[in-house]
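File shown: my_file.pdb. Contents: PDB, C-alpha atoms.
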ATOM      1  CA  MET H  21     -51.194 -18.823  37.994
ATOM      2  CA  ALA H  22     -49.307 -18.473  34.740
ATOM      3  CA  THR H  23     -46.098 -20.489  35.012
ATOM      4  CA  GLY H  24     -45.288 -20.527  31.302
ATOM      5  CA  THR H  25     -46.042 -18.503  28.190
ATOM      6  CA  ASN H  26     -48.222 -18.729  25.087
ATOM      7  CA  ILE H  27     -51.256 -19.935  27.028
ATOM      8  CA  ARG H  28     -54.407 -21.378  25.464
ATOM      9  CA  THR H  29     -57.543 -22.277  27.432
ATOM     10  CA  TYR H  30     -60.382 -24.642  26.585
ATOM     11  CA  TYR H  31     -63.553 -23.561  28.388
ATOM     12  CA  ASN H  32     -67.284 -23.786  27.656
ATOM     13  CA  GLY H  33     -66.723 -25.898  24.564
ATOM     14  CA  THR H  34     -64.181 -23.786  22.705
ATOM     15  CA  TRP H  35     -60.521 -22.810  22.683
ATOM     16  CA  HIS H  36     -59.482 -19.302  23.732
ATOM     17  CA  ASP H  37     -56.088 -17.637  23.345
ATOM     18  CA  GLY H  38     -54.621 -16.499  26.645
ATOM     19  CA  ASP H  39     -55.092 -17.129  30.362
ATOM     20  CA  THR H  40     -58.890 -17.079  30.242
ATOM     21  CA  PRO H  41     -60.910 -16.467  33.469
ATOM     22  CA  ILE H  42     -62.855 -19.662  34.137
ATOM     23  CA  ILE H  43     -63.983 -19.625  37.779
ATOM     24  CA  ARG H  44     -66.400 -17.438  39.766
ATOM     25  CA  ALA H  45     -66.063 -16.147  43.310
ATOM     26  CA  ALA H  46     -68.932 -18.284  44.624
ATOM     27  CA  ASP H  47     -67.906 -21.488  42.852
ATOM     28  CA  HIS H  48     -67.350 -24.346  45.282
ATOM     29  CA  GLY H  49     -63.826 -24.814  43.959
ATOM     30  CA  ALA H  50     -62.931 -21.173  44.567
ATOM     31  CA  TRP H  51     -63.726 -21.060  48.268
ATOM     32  CA  LEU H  52     -63.815 -24.692  49.392
ATOM     33  CA  GLY H  53     -60.962 -26.131  47.375
ATOM     34  CA  SER H  54     -62.780 -28.762  45.313
ATOM     35  CA  GLY H  55     -60.378 -28.634  42.397
ATOM     36  CA  VAL H  56     -58.395 -31.387  40.681
ATOM     37  CA  PHE H  57     -56.025 -31.370  37.733
ATOM     38  CA  ASP H  58     -53.576 -33.537  35.884
ATOM     39  CA  GLY H  59     -50.473 -32.804  33.875
ATOM     40  CA  ALA H  60     -49.198 -34.219  30.614
ATOM     41  CA  ARG H  61     -46.484 -33.084  28.222
ATOM     42  CA  PHE H  62     -46.206 -32.201  24.543
ATOM     43  CA  VAL H  63     -42.534 -32.313  23.535
ATOM     44  CA  ASP H  64     -41.199 -32.363  19.957
ATOM     45  CA  GLY H  65     -44.583 -33.515  18.725
ATOM     46  CA  LEU H  66     -44.812 -36.313  21.315
ATOM     47  CA  MET H  67     -47.635 -36.688  23.869
ATOM     48  CA  PRO H  68     -46.520 -39.617  26.059
ATOM     49  CA  ASP H  69     -49.287 -41.248  28.136
ATOM     50  CA  LEU H  70     -51.751 -38.441  27.364
ATOM     51  CA  ASP H  71     -54.688 -40.849  27.613
ATOM     52  CA  ALA H  72     -53.541 -42.074  31.027
ATOM     53  CA  HIS H  73     -53.329 -38.531  32.371
ATOM     54  CA  CYS H  74     -56.796 -37.693  31.028
ATOM     55  CA  ALA H  75     -58.208 -40.849  32.605
ATOM     56  CA  ARG H  76     -56.602 -40.007  35.948
ATOM     57  CA  VAL H  77     -58.124 -36.529  36.154
ATOM     58  CA  ASN H  78     -61.539 -38.204  35.926
ATOM     59  CA  ARG H  79     -60.618 -40.539  38.786
ATOM     60  CA  SER H  80     -59.351 -37.572  40.789
ATOM     61  CA  ALA H  81     -62.636 -35.748  40.255
ATOM     62  CA  ALA H  82     -64.608 -38.724  41.530
ATOM     63  CA  ALA H  83     -62.361 -38.925  44.616
ATOM     64  CA  LEU H  84     -63.360 -35.329  45.466
ATOM     65  CA  MET H  85     -67.050 -36.166  44.927
ATOM     66  CA  LEU H  86     -67.091 -34.215  41.675
ATOM     67  CA  THR H  87     -68.865 -35.579  38.615
ATOM     68  CA  PRO H  88     -66.422 -35.954  35.687
ATOM     69  CA  THR H  89     -68.151 -34.799  32.529
ATOM     70  CA  VAL H  90     -65.657 -35.488  29.732
ATOM     71  CA  GLU H  91     -64.727 -39.019  28.759
ATOM     72  CA  THR H  92     -61.055 -39.853  28.324
ATOM     73  CA  ALA H  93     -61.126 -40.231  24.538
ATOM     74  CA  GLN H  94     -63.008 -36.951  24.105
ATOM     75  CA  MET H  95     -60.555 -35.163  26.398
ATOM     76  CA  VAL H  96     -57.616 -36.468  24.373
ATOM     77  CA  GLU H  97     -59.177 -35.084  21.198
ATOM     78  CA  ILE H  98     -59.807 -31.703  22.847
ATOM     79  CA  VAL H  99     -56.141 -31.513  23.851
ATOM     80  CA  LYS H 100     -54.919 -32.514  20.392
ATOM     81  CA  GLU H 101     -57.091 -29.815  18.848
ATOM     82  CA  GLY H 102     -55.642 -27.190  21.165
ATOM     83  CA  LEU H 103     -52.064 -28.287  20.451
ATOM     84  CA  GLU H 104     -52.494 -27.668  16.724
ATOM     85  CA  ALA H 105     -51.720 -23.996  17.407
ATOM     86  CA  TYR H 106     -48.222 -24.813  18.716
ATOM     87  CA  ALA H 107     -45.044 -25.519  16.767
ATOM     88  CA  LYS H 108     -44.027 -29.175  16.703
ATOM     89  CA  GLY H 109     -40.832 -28.338  18.549
ATOM     90  CA  ALA H 110     -42.649 -26.557  21.385
ATOM     91  CA  ALA H 111     -42.606 -27.888  24.944
ATOM     92  CA  VAL H 112     -46.145 -27.552  26.300
ATOM     93  CA  TYR H 113     -47.597 -28.415  29.701
ATOM     94  CA  ILE H 114     -51.091 -29.919  29.328
ATOM     95  CA  ARG H 115     -53.388 -29.391  32.312
ATOM     96  CA  PRO H 116     -56.983 -30.684  32.265
ATOM     97  CA  MET H 117     -58.935 -29.722  35.386
ATOM     98  CA  TYR H 118     -62.289 -29.947  37.156
ATOM     99  CA  TRP H 119     -63.772 -27.933  40.017
ATOM    100  CA  GLY H 120     -67.020 -27.849  41.956
ATOM    101  CA  ILE H 121     -69.655 -25.235  41.101
ATOM    102  CA  ASN H 122     -72.417 -25.634  43.703
ATOM    103  CA  GLY H 123     -72.553 -27.006  47.220
ATOM    104  CA  ASP H 124     -75.244 -28.969  49.022
ATOM    105  CA  ALA H 125     -77.383 -27.596  51.867
ATOM    106  CA  THR H 126     -74.309 -27.445  54.106
ATOM    107  CA  ALA H 127     -72.275 -25.867  51.287
ATOM    108  CA  ILE H 128     -69.489 -28.334  52.064
ATOM    109  CA  ILE H 129     -70.279 -31.251  49.753
ATOM    110  CA  PRO H 130     -70.089 -30.386  46.038
ATOM    111  CA  GLN H 131     -73.303 -30.979  44.154
ATOM    112  CA  LYS H 132     -73.387 -33.409  41.254
ATOM    113  CA  ASP H 133     -75.562 -31.171  39.082
ATOM    114  CA  GLU H 134     -72.703 -29.120  37.616
ATOM    115  CA  THR H 135     -68.936 -29.468  37.374
ATOM    116  CA  GLY H 136     -66.517 -26.962  35.910
ATOM    117  CA  PHE H 137     -64.082 -28.258  33.286
ATOM    118  CA  ALA H 138     -61.202 -26.627  31.451
ATOM    119  CA  VAL H 139     -57.900 -27.444  29.810
ATOM    120  CA  CYS H 140     -54.951 -25.091  30.074
ATOM    121  CA  LEU H 141     -51.992 -25.342  27.697
ATOM    122  CA  GLU H 142     -48.855 -23.330  28.317
ATOM    123  CA  GLU H 143     -45.363 -23.454  26.953
ATOM    124  CA  ILE H 144     -42.910 -24.508  29.663
ATOM    125  CA  PRO H 145     -39.431 -25.618  28.538
ATOM    126  CA  MET H 146     -38.094 -29.037  29.437
ATOM    127  CA  ALA H 147     -35.155 -28.949  31.827
ATOM    128  CA  PRO H 148     -31.823 -29.635  30.104
ATOM    129  CA  PRO H 149     -30.518 -33.209  30.506
ATOM    130  CA  GLU H 150     -27.647 -32.051  32.715
ATOM    131  CA  ALA H 151     -29.970 -30.318  35.200
ATOM    132  CA  SER H 152     -30.025 -31.852  38.677
ATOM    133  CA  VAL H 153     -31.501 -31.079  42.083
ATOM    134  CA  THR H 154     -30.430 -31.255  45.704
ATOM    135  CA  LEU H 155     -32.569 -32.710  48.489
ATOM    136  CA  THR H 156     -32.923 -32.181  52.210
ATOM    137  CA  ARG H 157     -35.280 -33.474  54.887
ATOM    138  CA  THR H 158     -38.413 -31.641  55.987
ATOM    139  CA  ARG H 159     -40.477 -31.727  59.162
ATOM    140  CA  PHE H 160     -43.658 -31.917  57.077
ATOM    141  CA  ARG H 161     -45.041 -35.310  56.077
ATOM    142  CA  ARG H 162     -47.424 -36.855  53.599
ATOM    143  CA  PRO H 163     -50.948 -37.348  54.962
ATOM    144  CA  VAL H 164     -52.958 -40.561  54.830
ATOM    145  CA  LEU H 165     -56.352 -41.155  53.226
ATOM    146  CA  GLU H 166     -58.115 -40.651  56.551
ATOM    147  CA  ASP H 167     -56.678 -37.114  56.695
ATOM    148  CA  ALA H 168     -56.719 -35.908  53.091
ATOM    149  CA  VAL H 169     -57.678 -36.855  49.539
ATOM    150  CA  VAL H 170     -54.314 -38.438  48.752
ATOM    151  CA  ASN H 171     -55.988 -40.641  46.113
ATOM    152  CA  ALA H 172     -56.504 -37.578  43.888
ATOM    153  CA  LYS H 173     -54.273 -35.039  42.185
ATOM    154  CA  ALA H 174     -56.040 -32.298  44.070
ATOM    155  CA  GLY H 175     -55.080 -28.664  44.416
ATOM    156  CA  CYS H 176     -55.899 -28.721  48.135
ATOM    157  CA  LEU H 177     -52.884 -30.986  48.767
ATOM    158  CA  TYR H 178     -50.374 -28.537  47.365
ATOM    159  CA  PRO H 179     -50.094 -26.024  50.230
ATOM    160  CA  ASN H 180     -48.412 -28.844  52.167
ATOM    161  CA  ASN H 181     -45.998 -29.335  49.258
ATOM    162  CA  ALA H 182     -45.331 -25.603  49.289
ATOM    163  CA  ARG H 183     -44.366 -25.732  52.974
ATOM    164  CA  MET H 184     -41.912 -28.533  52.195
ATOM    165  CA  LEU H 185     -40.333 -26.629  49.322
ATOM    166  CA  ALA H 186     -40.122 -23.383  51.258
ATOM    167  CA  GLU H 187     -38.369 -25.133  54.132
ATOM    168  CA  ALA H 188     -35.942 -26.865  51.757
ATOM    169  CA  ARG H 189     -35.091 -23.653  49.940
ATOM    170  CA  ALA H 190     -34.553 -21.813  53.210
ATOM    171  CA  LYS H 191     -31.923 -24.451  54.001
ATOM    172  CA  GLY H 192     -30.230 -23.975  50.626
ATOM    173  CA  PHE H 193     -31.639 -27.028  48.818
ATOM    174  CA  ASN H 194     -33.911 -27.354  45.771
ATOM    175  CA  ASN H 195     -36.399 -29.929  47.059
ATOM    176  CA  ALA H 196     -37.311 -32.083  50.036
ATOM    177  CA  LEU H 197     -37.281 -35.845  50.529
ATOM    178  CA  VAL H 198     -40.530 -36.427  52.400
ATOM    179  CA  GLY H 199     -41.606 -39.020  54.933
ATOM    180  CA  ASP H 200     -44.979 -40.703  55.309
ATOM    181  CA  ALA H 201     -46.955 -40.885  58.551
ATOM    182  CA  MET H 202     -44.666 -43.658  59.822
ATOM    183  CA  GLY H 203     -41.474 -41.760  59.023
ATOM    184  CA  ASN H 204     -40.472 -43.830  56.002
ATOM    185  CA  VAL H 205     -39.638 -42.132  52.683
ATOM    186  CA  ALA H 206     -42.699 -41.481  50.503
ATOM    187  CA  GLU H 207     -41.491 -39.207  47.678
ATOM    188  CA  THR H 208     -40.245 -35.645  47.303
ATOM    189  CA  ALA H 209     -42.265 -32.451  47.547
ATOM    190  CA  THR H 210     -42.874 -32.496  43.794
ATOM    191  CA  ALA H 211     -42.179 -35.945  42.354
ATOM    192  CA  ASN H 212     -41.791 -39.665  42.922
ATOM    193  CA  VAL H 213     -38.293 -40.868  43.765
ATOM    194  CA  PHE H 214     -36.015 -43.789  42.898
ATOM    195  CA  MET H 215     -32.640 -44.836  44.289
ATOM    196  CA  VAL H 216     -30.008 -47.230  42.963
ATOM    197  CA  LYS H 217     -27.810 -49.445  45.120
ATOM    198  CA  ASP H 218     -25.366 -52.037  43.764
ATOM    199  CA  GLY H 219     -27.052 -51.980  40.364
ATOM    200  CA  GLU H 220     -30.581 -52.592  41.687
ATOM    201  CA  VAL H 221     -33.358 -49.998  41.725
ATOM    202  CA  PHE H 222     -35.574 -49.189  44.707
ATOM    203  CA  THR H 223     -38.632 -46.959  45.073
ATOM    204  CA  PRO H 224     -41.016 -46.417  48.008
ATOM    205  CA  ILE H 225     -43.946 -48.792  47.930
ATOM    206  CA  ALA H 226     -47.239 -47.152  47.020
ATOM    207  CA  ASN H 227     -48.826 -47.173  50.479
ATOM    208  CA  GLY H 228     -51.651 -44.713  49.862
ATOM    209  CA  THR H 229     -49.872 -41.600  51.144
ATOM    210  CA  PHE H 230     -48.799 -40.357  47.696
ATOM    211  CA  LEU H 231     -49.822 -40.712  44.067
ATOM    212  CA  ALA H 232     -47.849 -43.491  42.425
ATOM    213  CA  GLY H 233     -47.312 -41.595  39.206
ATOM    214  CA  ILE H 234     -48.000 -42.542  35.616
ATOM    215  CA  THR H 235     -44.406 -41.737  34.664
ATOM    216  CA  ARG H 236     -43.167 -43.748  37.673
ATOM    217  CA  ALA H 237     -45.063 -46.799  36.430
ATOM    218  CA  ARG H 238     -43.747 -46.265  32.907
ATOM    219  CA  HIS H 239     -40.145 -46.180  34.162
ATOM    220  CA  MET H 240     -40.598 -49.372  36.177
ATOM    221  CA  LYS H 241     -42.060 -51.173  33.176
ATOM    222  CA  HIS H 242     -39.116 -50.109  31.015
ATOM    223  CA  MET H 243     -36.506 -51.029  33.616
ATOM    224  CA  ARG H 244     -37.934 -54.497  34.203
ATOM    225  CA  ALA H 245     -38.219 -55.119  30.468
ATOM    226  CA  ASP H 246     -34.542 -54.116  30.211
ATOM    227  CA  GLY H 247     -33.587 -56.731  32.793
ATOM    228  CA  MET H 248     -33.124 -54.435  35.769
ATOM    229  CA  THR H 249     -34.211 -55.515  39.239
ATOM    230  CA  VAL H 250     -36.735 -53.028  40.605
ATOM    231  CA  HIS H 251     -37.978 -53.179  44.191
ATOM    232  CA  GLU H 252     -41.089 -51.417  45.528
ATOM    233  CA  THR H 253     -40.469 -51.527  49.238
ATOM    234  CA  VAL H 254     -40.284 -49.629  52.512
ATOM    235  CA  LEU H 255     -37.292 -47.302  52.420
ATOM    236  CA  SER H 256     -35.687 -45.190  55.120
ATOM    237  CA  PHE H 257     -33.801 -41.931  54.856
ATOM    238  CA  ALA H 258     -30.654 -43.924  55.701
ATOM    239  CA  ASP H 259     -31.258 -46.043  52.588
ATOM    240  CA  PHE H 260     -31.136 -42.913  50.457
ATOM    241  CA  GLU H 261     -28.025 -41.659  52.228
ATOM    242  CA  ALA H 262     -26.293 -44.917  51.223
ATOM    243  CA  ALA H 263     -27.550 -44.897  47.610
ATOM    244  CA  ASP H 264     -25.281 -44.903  44.563
ATOM    245  CA  GLU H 265     -27.749 -42.870  42.465
ATOM    246  CA  ILE H 266     -30.999 -41.031  43.126
ATOM    247  CA  PHE H 267     -33.391 -39.661  40.532
ATOM    248  CA  LEU H 268     -36.857 -38.143  40.517
ATOM    249  CA  SER H 269     -39.741 -39.194  38.305
ATOM    250  CA  GLY H 270     -42.493 -36.802  37.314
ATOM    251  CA  ASN H 271     -44.451 -35.510  34.391
ATOM    252  CA  MET H 272     -42.793 -32.113  34.226
ATOM    253  CA  SER H 273     -39.249 -33.339  33.514
ATOM    254  CA  LYS H 274     -39.702 -37.153  33.325
ATOM    255  CA  VAL H 275     -36.272 -37.907  34.882
ATOM    256  CA  THR H 276     -34.374 -35.523  37.156
ATOM    257  CA  PRO H 277     -31.013 -36.605  38.616
ATOM    258  CA  VAL H 278     -30.271 -35.830  42.264
ATOM    259  CA  SER H 279     -26.782 -34.489  42.952
ATOM    260  CA  ALA H 280     -27.026 -34.279  46.748
ATOM    261  CA  PHE H 281     -29.108 -35.401  49.714
ATOM    262  CA  GLU H 282     -28.060 -33.375  52.728
ATOM    263  CA  GLU H 283     -24.252 -33.666  52.771
ATOM    264  CA  ASN H 284     -24.198 -36.798  50.587
ATOM    265  CA  GLN H 285     -23.095 -36.221  46.991
ATOM    266  CA  TYR H 286     -24.135 -38.276  43.931
ATOM    267  CA  GLN H 287     -23.106 -38.485  40.299
ATOM    268  CA  VAL H 288     -25.550 -38.752  37.420
ATOM    269  CA  GLY H 289     -25.111 -42.487  37.072
ATOM    270  CA  PRO H 290     -25.618 -45.047  34.319
ATOM    271  CA  VAL H 291     -29.035 -46.197  35.557
ATOM    272  CA  THR H 292     -30.418 -42.662  35.619
ATOM    273  CA  ARG H 293     -29.162 -42.057  32.081
ATOM    274  CA  ARG H 294     -30.521 -45.388  30.880
ATOM    275  CA  VAL H 295     -33.962 -44.726  32.349
ATOM    276  CA  ARG H 296     -34.134 -41.354  30.601
ATOM    277  CA  ASP H 297     -33.011 -42.834  27.270
ATOM    278  CA  MET H 298     -35.528 -45.671  27.492
ATOM    279  CA  TYR H 299     -38.350 -43.274  28.236
ATOM    280  CA  TRP H 300     -37.757 -41.059  25.192
ATOM    281  CA  ASP H 301     -37.049 -44.058  22.941
ATOM    282  CA  TRP H 302     -40.447 -45.443  23.960
ATOM    283  CA  ALA H 303     -42.165 -42.060  23.497
ATOM    284  CA  ARG H 304     -40.799 -41.721  19.972
ATOM    285  CA  SER H 305     -41.812 -45.271  19.130
ATOM    286  CA  GLU H 306     -45.399 -44.513  20.178
ATOM    287  CA  SER H 307     -45.749 -41.401  18.002
TER     288      SER H 307
END
How does the structure come out when it is put into structure tokens?
Amino acid sequence: MATGTNIRTYYNGTWHDGDTPIIRAADHGAWLGSGVFDGARFVDGLMPDLDAHCARVNRSAAALMLTPTVETAQMVEIVKEGLEAYAKGAAVYIRPMYWGINGDATAIIPQKDETGFAVCLEEIPMAPPEASVTLTRTRFRRPVLEDAVVNAKAGCLYPNNARMLAEARAKGFNNALVGDAMGNVAETATANVFMVKDGEVFTPIANGTFLAGITRARHMKHMRADGMTVHETVLSFADFEAADEIFLSGNMSKVTPVSAFEENQYQVGPVTRRVRDMYWDWARSES
């Protein structure tokens, strides 16, 4: 699926211009869903946490019983090579991915003898700083490890996300605040979530039902270094209704303010702004 423009694809050891076909009809990933990916960003010449995203796609592959074939450092260099074709001011989504090629005698378990690998780069603009989203509840929940491969960034998890988003949009909202198996808040349909109450920051504890994101961890590190109190804890939907600020954390936009949860309205507050500023200050300092 082409979400952006100006696509480049790394496949079979070389870079190709365009949305290159990379998968065959009988590949395990095509018909049994053994595909994983990760996402990083190139913005104004910056590639924050690129190595961490490349390392995570290898962990995701292993979680789906795929054999990762490209070491983190090599993957970083492949991405940097591909980005040389883009203007420094471009906003590019970086997507390394693996998928299964062959199955075992049952066809169900992917074989270790061959793993597909590619990197897709595509220009996708960053959302403007003033952009915000609205949230609603959804009847769909996050699964647990016994039900699904929630310890991987796996494509097979995303149809559930799609159901959440479709339900939210049908109700007139942008996104959904999602519960875990116990009914506590886990994250949203597309990103991790933080709330602010009386100057302190809260985020759902990583309980194995969702990926505790790389950008989420980066924000918490910055906030604590800045003297903020950050709690990872069990949170209810009522906690979010009573929040002073809510913001999302994800690779695509880094920080996204929430302007409403159901009928509750929120301003883009000082903590949300500070978290965004700290993130980009850090990213520029690392370049």
Inset, instruction - Name all residues at most 9 Å from H:Gly102 (count all atoms listed in the file; drop same-chain ones fewer than 3 positions away) and give them as a PyMOL selection string. - result: chain H and resi 28-30+35+97-99+105-106+139+141
Inset, instruction - Fewer than 5 positions away in the same chain doesn't count, so skip those; otherwise give me all residues within 9 Å of H:Trp300, counting only C-alpha atoms, as a ChimeraX atom specification. - result: /H:68,295,305
Legend entry - Shortest interatomic distance to H:Val278 - which of H:Asn204, H:Thr40, H:Thr87, H:Ser152, counting all atoms listed in the file: H:Ser152
Inset, instruction - Do a neighbour search on stretch 186-194 of chain H at 6 Å with all atoms listed in the file, toss out local chain neighbours closer than 5 positions, and write the hits as a VMD selection string. - result: chain H and resid 153 to 155
With 6 Å of padding per side, what axis-aligned box (centre and edge lengths, Å, one decimal) covers all the listed atoms of stretch 69-79 of chain H? Give it as AutoDock Vina command-line options.
--center_x -55.4 --center_y -39.3 --center_z 33.1 --size_x 24.3 --size_y 17.5 --size_z 23.4
Inset, instruction - Please provide the set of residues having any atom within 12 Å of H:Ser273, restricted to only C-alpha atoms, with same-chain residues fewer than 2 positions apart removed, written as a PyMOL selection string. - result: chain H and resi 59-63+111-113+144-153+210-212+235-236+267-271+275-277+296+299-300
Inset, instruction - Would you kindly identify which residues have an atom no farther than 8 Å from (-61.8, -44.0, 50.0), using all atoms listed in the file and the file's own coordinates, and write them out as number ranges by chain? - result: H: 83, 165, 171
Inset, instruction - List every protein, DNA or RNA residue with an atom no more than 6 Å from (-69.5, -22.7, 42.9) in the file's coordinates, counting all atoms listed in the file, and format the result as a VMD selection string. - result: chain H and resid 46 to 48 120 to 122
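For the structure shown here, the set of residues caught by the PyMOL selection byres ((chain H and resi 182) around 12) is Thr158, Phe160, Arg161, Gly175, Cys176, Leu177, Tyr178, Pro179, Asn180, Asn181, Arg183, Met184, Leu185, Ala186, Glu187, Ala188, Arg189, Asn195, Ala196, Thr208, Ala209 and Thr210 of chain H.
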